[in-house]
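S.K.: Dropping the structure in here first, questions after.
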Amino acid sequence: MKKIIINGQKTLNGTIRISGAKNSALALIPAAILTDEEATICNLPEISDVKSLEAILDILNVSYKRATESIIINPKNMKNVAIPEEIANKLRASYYFMGALLAKYNHVEMNFPGGCNIGKRPINLHIEGFKKMGAKVTQTTDKYVIHADELKGADITFDIASVGATINIMLAATKAKGTTHINNAAKEPEIKNVADFLNTMGAKIKGAGTSRITITGVDHLKSGAVEVIPDRIEAGTYVIIGTLIADKLKVDNLNPKHIKALLDKLKKTKAKFTIEDESVICEKSSNLIATDMETYYYPGFPTDLQQPFTTYLTCCQGTSTITENIYENRFMHVNELKKMNAKIEKISKEQITIEKSSLQGATVNATDLRAGASLIIAGLIAKGTTTITGVEHILRGYEGIIEKLKNVGADIKLVEED
Ligand code: EPU
């Protein structure tokens with residue numbers, strides 16, 4: 001079993017370079033199979049979720065060449081086979097092969113997607129969208145079978161601005177007959193990154209990054225290339241760390257606009273940081289004050305930073321409140337943080353209050369990816385030693401987190417025990 005061990009309260013100094021965005025990369029790889037030629041993805045993060053998608057490419061007989069932080073995908077000899085359970089349910093993003101395979105073959109068979117256990121996470125909007133485009137969807141006890149005699153453009157309006165459904169419908173519509181409009185589309189920067197990639201291959205997508213996306217289907221896609229945008233959640237995680245325990249920490253290679261909601265909140269708590277074109281320079285402050293925060297769809301405060309921000313608020317004088325509006329079960333980190341003496345109370349299903357606490361090292365479990373990030377932050381600021389289990393969740397989404405933190409002075413290591 002892998003464990004992370006942290007001896008806390010070491011002051012950090014130096015630069016951390018942000019990697020490519022997990023949630024872009026995980027959509028760009030499935031998008032690449034839409035061409036019959038080569039597609040190149042640069043600035044690809046080295047995380048285990050990317051490895052899980054490579055396993056799906058293997059099943060589909062898609063050839064690919066890996067280099068450091070890049071992949072060249074060639075789907076020329078691809079075969080449309082069913083994606084089995086043990087691979088589909090390793091991660092959420094396996095569902096992007098639904099839209100991509102449907103676009104390419106009008107037929108897809110795959111098991112249910114997995115991902116972090118943070119709520120019910122239905123995919124009804126994806127399925128309803130495919131149906132509107134003329135597909136028939138059959139759900140058996142263990143898989144979806146989606147088939148269209150011909151995939152047609154449609155006018156689709158989501159009840160919820162879902163990231164996954166927006167990308168999946170965009171993928172399906174790229175090669176459909178006619179024009180598709182997605183209304184109330186999600187506006188996350190990762191969606192534009194995927195649309196830009198598809199457009200380099202000859203797709204006709206307009207409006208990505210706004211709430212209305214128009215996709216005019218094309219018959220054929222040529223080769224294309226893309227650079228994965230910086231990971232705004234990884235960036236936000238290190239900015240939080242820097243404002244808590246750094247002498248001077250430069251969080252580099254990020255887009256400050258993408259983390260504006262976090263920076264605005266940090267400013268309210270009197271955190272010390274300076275914003276440059278592609279970096280944020282952070283410094284610890286001992287006079288942080290409490291604030292309230294609600295998660296919301298982009299450009300609101302991202303749910304993926306809610307758990308790291310919980311730990312941040314344990315350093316702020318007064319009582320803070322967090323309201324989680326996106327997922328119904330994203331407070332699993334709270335009980336773990338309480339083991340470290342955090343003063344947090346759950347006041348309703350979607351709300352917690354946090355008071356300034358003196359965190360103490362303990363043995364805690366990362367129940368999901370961002371819960372893991374919140375525990376690493378807690379371990380870095382706590383007195384004594386923190387041991388974190390459930391490390392595989394963290395390695396799914398944070399490239400080289402141990403090395404990045406060690407390089408700036410953290411006392412952190414990954415150990416493997418039986
Ligand atoms: N929803 C539905 N029906 C649907 C789709 C979504 O009810 O058909 C609900 C979900 O249950 C959730 C809300 O809508 O309550 C938002 O879900 P969304 O579809 O936007 O999320 P997702 O596509 O499953 C992606 C990221 C998540 C991130 C969310 C929100 C990937 C692979 N995952 O998930 O990332 O939290 O968007 O920004 O892109 C993470 O990185 O830690 C992570 C969980």
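Going by the structure tokens order, chains are called A, B, ..., each with residues numbered from 1, while ligands are numbered from 1 in the order shown.
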Write out as a ChimeraX atom specification all residues of region 36-181 of chain A that DSSP puts in strand (DSSP E or B) for this structure's backbone.

M.R.: /A:39-42,63-67,70-74,83,107-111,136-139,143-147,152,155-157,177,179-181

S.K.: Selection from above, N, CA, C and O atoms, as a compact mmCIF listing (two decimals), in the first residue's frame, can you write it?

M.R.:
```
# COMPACT_ATOMS: atom_id res chain seq x y z
N ALA A 39 -2.99 12.78 -34.61
CA ALA A 39 -3.34 13.93 -33.78
C ALA A 39 -2.32 14.04 -32.66
O ALA A 39 -1.97 13.03 -32.03
N THR A 40 -1.84 15.26 -32.41
CA THR A 40 -0.78 15.46 -31.42
C THR A 40 -1.29 16.29 -30.25
O THR A 40 -1.91 17.34 -30.45
N ILE A 41 -1.03 15.79 -29.05
CA ILE A 41 -1.42 16.54 -27.84
C ILE A 41 -0.14 16.82 -27.04
O ILE A 41 0.57 15.89 -26.65
N CYS A 42 0.14 18.12 -26.83
CA CYS A 42 1.35 18.50 -26.06
C CYS A 42 0.94 18.99 -24.68
O CYS A 42 -0.21 19.31 -24.44
N SER A 63 -3.16 3.21 -32.36
CA SER A 63 -1.73 3.29 -32.02
C SER A 63 -1.39 4.69 -31.53
O SER A 63 -2.04 5.68 -31.91
N TYR A 64 -0.41 4.76 -30.64
CA TYR A 64 0.01 6.06 -30.12
C TYR A 64 1.48 6.00 -29.72
O TYR A 64 2.00 4.95 -29.38
N LYS A 65 2.12 7.16 -29.85
CA LYS A 65 3.53 7.28 -29.44
C LYS A 65 3.59 8.27 -28.30
O LYS A 65 3.12 9.39 -28.43
N ARG A 66 4.18 7.83 -27.18
CA ARG A 66 4.31 8.72 -26.03
C ARG A 66 5.71 9.31 -25.97
O ARG A 66 6.67 8.64 -26.26
N ALA A 67 5.80 10.56 -25.63
CA ALA A 67 7.09 11.16 -25.27
C ALA A 67 6.81 11.91 -23.98
O ALA A 67 5.66 11.95 -23.53
N SER A 70 3.86 14.44 -24.04
CA SER A 70 3.10 14.55 -25.30
C SER A 70 2.70 13.16 -25.78
O SER A 70 3.25 12.15 -25.35
N ILE A 71 1.72 13.16 -26.64
CA ILE A 71 1.25 11.90 -27.23
C ILE A 71 0.85 12.18 -28.67
O ILE A 71 0.26 13.23 -28.97
N ILE A 72 1.23 11.25 -29.56
CA ILE A 72 0.75 11.34 -30.94
C ILE A 72 -0.14 10.12 -31.15
O ILE A 72 0.30 8.98 -30.98
N ILE A 73 -1.38 10.39 -31.48
CA ILE A 73 -2.38 9.32 -31.58
C ILE A 73 -2.72 9.10 -33.06
O ILE A 73 -2.96 10.06 -33.79
N ASN A 74 -2.71 7.82 -33.46
CA ASN A 74 -3.09 7.52 -34.85
C ASN A 74 -4.15 6.41 -34.88
O ASN A 74 -3.85 5.25 -34.66
N ILE A 83 -16.07 -1.44 -24.65
CA ILE A 83 -15.08 -1.08 -23.62
C ILE A 83 -15.50 -1.75 -22.31
O ILE A 83 -16.57 -1.47 -21.77
N HIS A 107 -22.10 3.78 -33.48
CA HIS A 107 -22.41 2.68 -32.56
C HIS A 107 -21.35 2.64 -31.46
O HIS A 107 -20.16 2.75 -31.73
N VAL A 108 -21.80 2.46 -30.23
CA VAL A 108 -20.85 2.32 -29.12
C VAL A 108 -21.42 1.41 -28.05
O VAL A 108 -22.61 1.43 -27.78
N GLU A 109 -20.55 0.58 -27.50
CA GLU A 109 -20.95 -0.28 -26.37
C GLU A 109 -19.93 -0.07 -25.28
O GLU A 109 -18.74 -0.30 -25.48
N MET A 110 -20.37 0.38 -24.15
CA MET A 110 -19.41 0.51 -23.04
C MET A 110 -20.07 0.42 -21.69
O MET A 110 -21.26 0.66 -21.53
N ASN A 111 -19.26 0.03 -20.73
CA ASN A 111 -19.71 -0.11 -19.37
C ASN A 111 -19.87 1.27 -18.72
O ASN A 111 -19.51 2.28 -19.30
N LYS A 136 -30.40 5.58 -30.52
CA LYS A 136 -31.21 4.73 -29.63
C LYS A 136 -30.29 4.27 -28.52
O LYS A 136 -29.17 3.80 -28.79
N VAL A 137 -30.73 4.42 -27.29
CA VAL A 137 -29.85 4.05 -26.18
C VAL A 137 -30.48 2.92 -25.39
O VAL A 137 -31.62 3.04 -24.93
N THR A 138 -29.78 1.81 -25.26
CA THR A 138 -30.28 0.69 -24.46
C THR A 138 -29.33 0.54 -23.27
O THR A 138 -28.11 0.50 -23.44
N GLN A 139 -29.94 0.48 -22.08
CA GLN A 139 -29.12 0.32 -20.88
C GLN A 139 -29.39 -1.05 -20.30
O GLN A 139 -30.52 -1.35 -19.90
N LYS A 143 -24.11 -2.29 -19.02
CA LYS A 143 -23.53 -1.38 -20.02
C LYS A 143 -24.57 -0.60 -20.81
O LYS A 143 -25.76 -0.89 -20.76
N TYR A 144 -24.06 0.39 -21.54
CA TYR A 144 -24.88 1.15 -22.47
C TYR A 144 -24.58 0.65 -23.88
O TYR A 144 -23.42 0.44 -24.23
N VAL A 145 -25.65 0.49 -24.69
CA VAL A 145 -25.47 0.26 -26.12
C VAL A 145 -26.14 1.45 -26.81
O VAL A 145 -27.33 1.70 -26.60
N ILE A 146 -25.36 2.21 -27.56
CA ILE A 146 -25.89 3.42 -28.20
C ILE A 146 -25.70 3.26 -29.70
O ILE A 146 -24.59 2.98 -30.17
N HIS A 147 -26.80 3.42 -30.43
CA HIS A 147 -26.72 3.20 -31.88
C HIS A 147 -27.54 4.25 -32.62
O HIS A 147 -28.63 4.61 -32.19
N LYS A 152 -27.87 12.95 -36.32
CA LYS A 152 -28.29 14.23 -36.93
C LYS A 152 -28.11 15.38 -35.95
O LYS A 152 -28.29 15.20 -34.74
N ASP A 155 -31.17 20.61 -31.61
CA ASP A 155 -31.15 21.75 -30.71
C ASP A 155 -31.27 21.19 -29.30
O ASP A 155 -32.31 20.62 -28.95
N ILE A 156 -30.21 21.31 -28.51
CA ILE A 156 -30.17 20.65 -27.20
C ILE A 156 -30.00 21.69 -26.11
O ILE A 156 -29.10 22.53 -26.17
N THR A 157 -30.89 21.64 -25.12
CA THR A 157 -30.80 22.58 -24.00
C THR A 157 -30.64 21.78 -22.71
O THR A 157 -31.47 20.94 -22.39
N LYS A 177 -24.80 14.82 -39.16
CA LYS A 177 -25.33 15.51 -40.34
C LYS A 177 -26.08 16.76 -39.86
O LYS A 177 -26.98 16.66 -39.03
N THR A 179 -26.55 20.77 -38.23
CA THR A 179 -26.03 21.66 -37.19
C THR A 179 -26.63 21.35 -35.83
O THR A 179 -27.84 21.12 -35.71
N THR A 180 -25.79 21.36 -34.81
CA THR A 180 -26.24 21.15 -33.43
C THR A 180 -26.02 22.44 -32.65
O THR A 180 -24.96 23.07 -32.77
N HIS A 181 -27.02 22.80 -31.86
CA HIS A 181 -26.85 23.92 -30.93
C HIS A 181 -26.90 23.35 -29.52
O HIS A 181 -27.82 22.58 -29.21
```

S.K.: What lies within 9 Å of Glu37 (chain A) using only C-alpha atoms, ignoring chain neighbours under 4 positions off, as a list in words?

M.R.: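 Close residues of Glu37 (chain A): Ile33, Ile73, Asn74, Pro75, Lys76, Leu221, Lys222, Ser223 and Gly224 of chain A.
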
S.K.: Keeping only all heavy atoms, take the residues you just selected and write them out as a compact mmCIF listing (two decimals), in the first residue's frame.

M.R.:
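Resulting contents of part23.txt:
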```
# COMPACT_ATOMS: atom_id res chain seq x y z
N ILE A 33 -9.49 10.50 -31.48
CA ILE A 33 -9.85 9.34 -32.34
C ILE A 33 -10.82 9.72 -33.45
O ILE A 33 -11.14 8.90 -34.30
CB ILE A 33 -10.42 8.15 -31.52
CG1 ILE A 33 -11.77 8.53 -30.91
CG2 ILE A 33 -9.42 7.67 -30.47
CD1 ILE A 33 -12.62 7.35 -30.56
N ILE A 73 -1.38 10.39 -31.48
CA ILE A 73 -2.38 9.32 -31.58
C ILE A 73 -2.72 9.10 -33.06
O ILE A 73 -2.96 10.06 -33.79
CB ILE A 73 -3.65 9.72 -30.78
CG1 ILE A 73 -3.28 9.84 -29.30
CG2 ILE A 73 -4.78 8.73 -30.99
CD1 ILE A 73 -4.39 10.37 -28.41
N ASN A 74 -2.71 7.82 -33.46
CA ASN A 74 -3.09 7.52 -34.85
C ASN A 74 -4.15 6.41 -34.88
O ASN A 74 -3.85 5.25 -34.66
CB ASN A 74 -1.85 7.08 -35.64
CG ASN A 74 -2.16 6.99 -37.13
OD1 ASN A 74 -3.33 6.85 -37.51
ND2 ASN A 74 -1.14 7.07 -37.95
N PRO A 75 -5.39 6.79 -35.15
CA PRO A 75 -6.47 5.81 -35.08
C PRO A 75 -6.75 5.08 -36.40
O PRO A 75 -7.85 4.53 -36.58
CB PRO A 75 -7.67 6.65 -34.64
CG PRO A 75 -7.35 8.03 -35.02
CD PRO A 75 -5.91 8.14 -35.37
N LYS A 76 -5.77 5.07 -37.32
CA LYS A 76 -6.00 4.51 -38.66
C LYS A 76 -6.51 3.07 -38.62
O LYS A 76 -7.41 2.69 -39.36
CB LYS A 76 -4.68 4.58 -39.46
CG LYS A 76 -4.90 4.78 -40.94
CD LYS A 76 -3.62 5.08 -41.66
CE LYS A 76 -3.26 3.89 -42.52
NZ LYS A 76 -1.85 3.77 -42.78
N LEU A 221 -12.35 14.41 -40.70
CA LEU A 221 -11.42 15.25 -39.94
C LEU A 221 -9.99 14.87 -40.32
O LEU A 221 -9.66 13.69 -40.45
CB LEU A 221 -11.62 15.06 -38.44
CG LEU A 221 -12.94 15.57 -37.84
CD1 LEU A 221 -12.97 15.33 -36.33
CD2 LEU A 221 -13.16 17.05 -38.11
N LYS A 222 -9.18 15.91 -40.50
CA LYS A 222 -7.76 15.67 -40.85
C LYS A 222 -6.91 15.67 -39.58
O LYS A 222 -7.46 15.68 -38.48
CB LYS A 222 -7.30 16.74 -41.85
CG LYS A 222 -7.50 18.17 -41.34
CD LYS A 222 -7.16 19.16 -42.44
CE LYS A 222 -7.46 20.58 -42.06
NZ LYS A 222 -6.77 21.18 -40.96
N SER A 223 -5.59 15.69 -39.75
CA SER A 223 -4.73 15.66 -38.56
C SER A 223 -4.83 17.01 -37.83
O SER A 223 -5.16 18.03 -38.44
CB SER A 223 -3.29 15.35 -38.95
OG SER A 223 -2.79 16.41 -39.70
N GLY A 224 -4.50 16.98 -36.55
CA GLY A 224 -4.60 18.20 -35.76
C GLY A 224 -3.64 18.18 -34.59
O GLY A 224 -2.99 17.15 -34.33
```

S.K.: Would you list the residues that come within 9 Å of ligand 1? Count only C-alpha atoms and all ligand atoms and give the answer as a PyMOL selection string.

M.R.: chain A and resi 22-27+91-96+115-128+158-167+186+188+190+233+296-298+302-305+325-328+368-371+397

S.K.: As an exercise, work out the distance from CA of Ile29 (chain A) to CA of Arg17 (chain A) in Å and give it to one decimal place.

M.R.: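 That distance, rounded to one decimal, is 22.6 Å.
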
S.K.: Would you pick out the contacts of Phe112 (chain A) at 7 Å or less, using only C-alpha atoms, so that residues sharing its chain but fewer than 6 positions from it are not included, and give the list as a list in words?

M.R.: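 My reading of the contact set: Glu85, Ala88, Asn89, Asp142 and Lys143 of chain A.
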
S.K.: Please produce a file of those selected residues containing N, CA, C and O atoms, as an mmCIF file, in the first residue's frame.

M.R.:
```cif
data_model
loop_
_atom_site.group_PDB
_atom_site.id
_atom_site.type_symbol
_atom_site.label_atom_id
_atom_site.label_comp_id
_atom_site.auth_asym_id
_atom_site.auth_seq_id
_atom_site.Cartn_x
_atom_site.Cartn_y
_atom_site.Cartn_z
ATOM 1 N N GLU A 85 -15.832 -3.350 -18.392
ATOM 2 C CA GLU A 85 -16.079 -2.722 -17.098
ATOM 3 C C GLU A 85 -14.797 -2.289 -16.374
ATOM 4 O O GLU A 85 -14.680 -1.155 -15.933
ATOM 5 N N ALA A 88 -13.554 0.835 -18.171
ATOM 6 C CA ALA A 88 -14.470 1.994 -18.201
ATOM 7 C C ALA A 88 -14.646 2.598 -16.814
ATOM 8 O O ALA A 88 -14.698 3.818 -16.654
ATOM 9 N N ASN A 89 -14.723 1.740 -15.781
ATOM 10 C CA ASN A 89 -15.058 2.318 -14.476
ATOM 11 C C ASN A 89 -13.843 2.746 -13.662
ATOM 12 O O ASN A 89 -13.959 3.083 -12.501
ATOM 13 N N ASP A 142 -25.259 -3.930 -17.075
ATOM 14 C CA ASP A 142 -23.853 -3.566 -16.944
ATOM 15 C C ASP A 142 -23.315 -2.624 -18.015
ATOM 16 O O ASP A 142 -22.160 -2.210 -17.937
ATOM 17 N N LYS A 143 -24.113 -2.293 -19.017
ATOM 18 C CA LYS A 143 -23.528 -1.385 -20.016
ATOM 19 C C LYS A 143 -24.571 -0.596 -20.813
ATOM 20 O O LYS A 143 -25.762 -0.892 -20.762
#
```

S.K.: Report as an MDAnalysis selection string all protein, DNA and RNA residues lying within 6 Å of region 346-356 of chain A, evaluated on only C-alpha atoms, omitting residues in the same chain fewer than 4 positions from it.

M.R.: chainID A and resid 314:324

S.K.: Convert the current residue selection to file output with C-alpha atoms, as a PDB file, in the first residue's frame.

M.R.:
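Generated output (result-v1.pdb):
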```pdb
ATOM      1  CA  THR A 314      -8.852  26.426   9.205  1.00  0.00           C
ATOM      2  CA  CYS A 315      -6.103  29.096   9.213  1.00  0.00           C
ATOM      3  CA  CYS A 316      -8.533  32.044   9.090  1.00  0.00           C
ATOM      4  CA  GLN A 317      -9.640  33.914  12.206  1.00  0.00           C
ATOM      5  CA  GLY A 318     -13.405  33.679  12.788  1.00  0.00           C
ATOM      6  CA  THR A 319     -16.089  31.374  11.420  1.00  0.00           C
ATOM      7  CA  SER A 320     -16.270  30.626   7.694  1.00  0.00           C
ATOM      8  CA  THR A 321     -19.067  28.860   5.833  1.00  0.00           C
ATOM      9  CA  ILE A 322     -18.786  26.711   2.712  1.00  0.00           C
ATOM     10  CA  THR A 323     -21.805  25.807   0.582  1.00  0.00           C
ATOM     11  CA  GLU A 324     -21.306  23.014  -1.936  1.00  0.00           C
TER      12      GLU A 324
END
```

S.K.: Find the distance between CA of Gly379 (chain A) and CA of Pro299 (chain A) and write it in Å to one decimal.

M.R.: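 Here the two named atoms are 29.3 Å from each other.
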
S.K.: Using only C-alpha atoms, which protein or nucleic acid residues come within 10 Å of Tyr398 (chain A)? Drop anything in the same chain fewer than 2 positions from it, and give the result as a PyMOL selection string.

M.R.: chain A and resi 18-22+45-49+231+233-234+237+369-370+373+393-396+400-402+404

S.K.: Can you tell me, as a list in words, what residues are no more than 7 Å from Val415 (chain A) when counting only C-alpha atoms, ignoring any on the same chain fewer than 3 positions away?

M.R.: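 Residues near the query, excluding close chain neighbours: Lys2, Lys3 and Ile4 of chain A.
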